[in-house]
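Beneath this line is the structure, given in structure tokens, with notes to follow.
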Amino acid sequence: KELFMTDCAPCHGDNLRGQGPVAHLLKNPPADLVAGLSKDLPDGYIYGTIRAGGFTMPAYADAMSGHERWQVTLFVRQMQHAAAGVASK
């Protein structure tokens, strides 16, 4: 969680909805990691996007170790599952 809040939440927001405090400054909005496409992608794809970047997301290969990238990936999955559980109730 701490890694996500430091490195990812400024764009994706602390709720992962793509509405972080700097999101309005970006040309393209950050992905909604809870309800967006990423919830249906494999863990390795999320890891790879963190490592190499995405369409508009910068790479974090030099900013995070492999272990840290997996920690962020698993945190994102945990938040997605929690949101899905709330939505299904």
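Following the order of the structure tokens, first chain is A, next is B, and so on, with residues numbered from 1 inside each chain and ligands from 1 in the order they appear.
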
Please report, as a count of residues only, each residue of range 5-88 of chain A to which DSSP assigns alpha helix (DSSP H) when run on this structure's backbone.
39

Which residues of range 1-26 of chain A have any atom within 9 Å of an atom in range 56-73 of chain A when counting only C-alpha atoms, and what is the closest pair of atoms for each, with the distance in Å to one decimal? Order the rows by chain and rising number and write it as JSON lines.
```
{"residue": "A:Lys1", "atom": "CA", "partner": "A:Val72", "partner_atom": "CA", "distance": 7.0}
{"residue": "A:Glu2", "atom": "CA", "partner": "A:Val72", "partner_atom": "CA", "distance": 8.8}
{"residue": "A:Leu3", "atom": "CA", "partner": "A:Val72", "partner_atom": "CA", "distance": 6.6}
{"residue": "A:Phe4", "atom": "CA", "partner": "A:Val72", "partner_atom": "CA", "distance": 5.9}
{"residue": "A:Asp7", "atom": "CA", "partner": "A:Ala63", "partner_atom": "CA", "distance": 8.8}
{"residue": "A:Cys8", "atom": "CA", "partner": "A:Val72", "partner_atom": "CA", "distance": 8.9}
```

Output file for the residues above (all heavy atoms, as a PDB file, in the first residue's frame):
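Result written to result.pdb:
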```pdb
ATOM      1  N   LYS A   1       0.827  -1.198   0.000  1.00  0.00           N
ATOM      2  CA  LYS A   1       0.000   0.000   0.000  1.00  0.00           C
ATOM      3  C   LYS A   1       0.868   1.257   0.000  1.00  0.00           C
ATOM      4  O   LYS A   1       0.589   2.205  -0.722  1.00  0.00           O
ATOM      5  CB  LYS A   1      -0.940  -0.020   1.201  1.00  0.00           C
ATOM      6  CG  LYS A   1      -1.818   1.198   1.270  1.00  0.00           C
ATOM      7  CD  LYS A   1      -2.764   1.143   2.433  1.00  0.00           C
ATOM      8  CE  LYS A   1      -3.605   2.391   2.475  1.00  0.00           C
ATOM      9  NZ  LYS A   1      -4.581   2.359   3.531  1.00  0.00           N
ATOM     10  N   GLU A   2       1.918   1.251   0.792  1.00  0.00           N
ATOM     11  CA  GLU A   2       2.775   2.433   0.898  1.00  0.00           C
ATOM     12  C   GLU A   2       3.409   2.784  -0.453  1.00  0.00           C
ATOM     13  O   GLU A   2       3.447   3.952  -0.847  1.00  0.00           O
ATOM     14  CB  GLU A   2       3.859   2.199   1.949  1.00  0.00           C
ATOM     15  CG  GLU A   2       4.743   3.402   2.187  1.00  0.00           C
ATOM     16  CD  GLU A   2       5.757   3.166   3.280  1.00  0.00           C
ATOM     17  OE1 GLU A   2       5.465   2.430   4.233  1.00  0.00           O
ATOM     18  OE2 GLU A   2       6.858   3.721   3.158  1.00  0.00           O
ATOM     19  N   LEU A   3       3.884   1.773  -1.169  1.00  0.00           N
ATOM     20  CA  LEU A   3       4.470   2.011  -2.493  1.00  0.00           C
ATOM     21  C   LEU A   3       3.439   2.598  -3.445  1.00  0.00           C
ATOM     22  O   LEU A   3       3.722   3.529  -4.200  1.00  0.00           O
ATOM     23  CB  LEU A   3       5.014   0.707  -3.086  1.00  0.00           C
ATOM     24  CG  LEU A   3       6.328   0.202  -2.529  1.00  0.00           C
ATOM     25  CD1 LEU A   3       6.563  -1.227  -2.996  1.00  0.00           C
ATOM     26  CD2 LEU A   3       7.467   1.099  -2.976  1.00  0.00           C
ATOM     27  N   PHE A   4       2.245   2.046  -3.437  1.00  0.00           N
ATOM     28  CA  PHE A   4       1.186   2.561  -4.306  1.00  0.00           C
ATOM     29  C   PHE A   4       0.888   4.013  -3.956  1.00  0.00           C
ATOM     30  O   PHE A   4       0.781   4.865  -4.848  1.00  0.00           O
ATOM     31  CB  PHE A   4      -0.092   1.718  -4.206  1.00  0.00           C
ATOM     32  CG  PHE A   4      -1.147   2.185  -5.168  1.00  0.00           C
ATOM     33  CD1 PHE A   4      -1.214   1.648  -6.431  1.00  0.00           C
ATOM     34  CD2 PHE A   4      -2.039   3.180  -4.813  1.00  0.00           C
ATOM     35  CE1 PHE A   4      -2.165   2.101  -7.351  1.00  0.00           C
ATOM     36  CE2 PHE A   4      -2.993   3.641  -5.710  1.00  0.00           C
ATOM     37  CZ  PHE A   4      -3.050   3.097  -6.985  1.00  0.00           C
ATOM     38  N   ASP A   7       3.991   6.183  -5.187  1.00  0.00           N
ATOM     39  CA  ASP A   7       4.342   6.216  -6.597  1.00  0.00           C
ATOM     40  C   ASP A   7       3.158   6.242  -7.563  1.00  0.00           C
ATOM     41  O   ASP A   7       3.300   6.705  -8.697  1.00  0.00           O
ATOM     42  CB  ASP A   7       5.224   5.013  -6.949  1.00  0.00           C
ATOM     43  CG  ASP A   7       6.568   5.063  -6.253  1.00  0.00           C
ATOM     44  OD1 ASP A   7       7.135   6.160  -6.132  1.00  0.00           O
ATOM     45  OD2 ASP A   7       7.061   3.996  -5.837  1.00  0.00           O
ATOM     46  N   CYS A   8       2.009   5.758  -7.144  1.00  0.00           N
ATOM     47  CA  CYS A   8       0.889   5.585  -8.073  1.00  0.00           C
ATOM     48  C   CYS A   8      -0.308   6.482  -7.776  1.00  0.00           C
ATOM     49  O   CYS A   8      -0.982   6.947  -8.692  1.00  0.00           O
ATOM     50  CB  CYS A   8       0.425   4.125  -8.066  1.00  0.00           C
ATOM     51  SG  CYS A   8       1.760   2.924  -8.259  1.00  0.00           S
TER      52      CYS A   8
END
```

Contact residues around range 21-37 of chain A with only C-alpha atoms at 6 Å, ignoring same-chain residues under 5 positions, as a ChimeraX atom specification:
/A:10-12,16,80

So, counting only C-alpha atoms, which residue among A:Ser38, A:Thr6, A:Gln19, A:Thr49 is closest to Met79 in chain A?
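Between A:Ser38, A:Thr6, A:Gln19, A:Thr49, the residue approaching Met79 in chain A most closely is A:Ser38.
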
Find, counting only C-alpha atoms, the residue in A:Gly54, A:Gly48, A:Leu41, A:Asn15 that gets nearest to Ala83 in chain A.
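Checking each candidate against Ala83 in chain A, we get A:Asn15 as the closest.
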
One number please: CA of Val86 in chain A to CA of Gly44 in chain A, in Å, one decimal.
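Between CA of Val86 in chain A and CA of Gly44 in chain A the gap works out to 25.2 Å.
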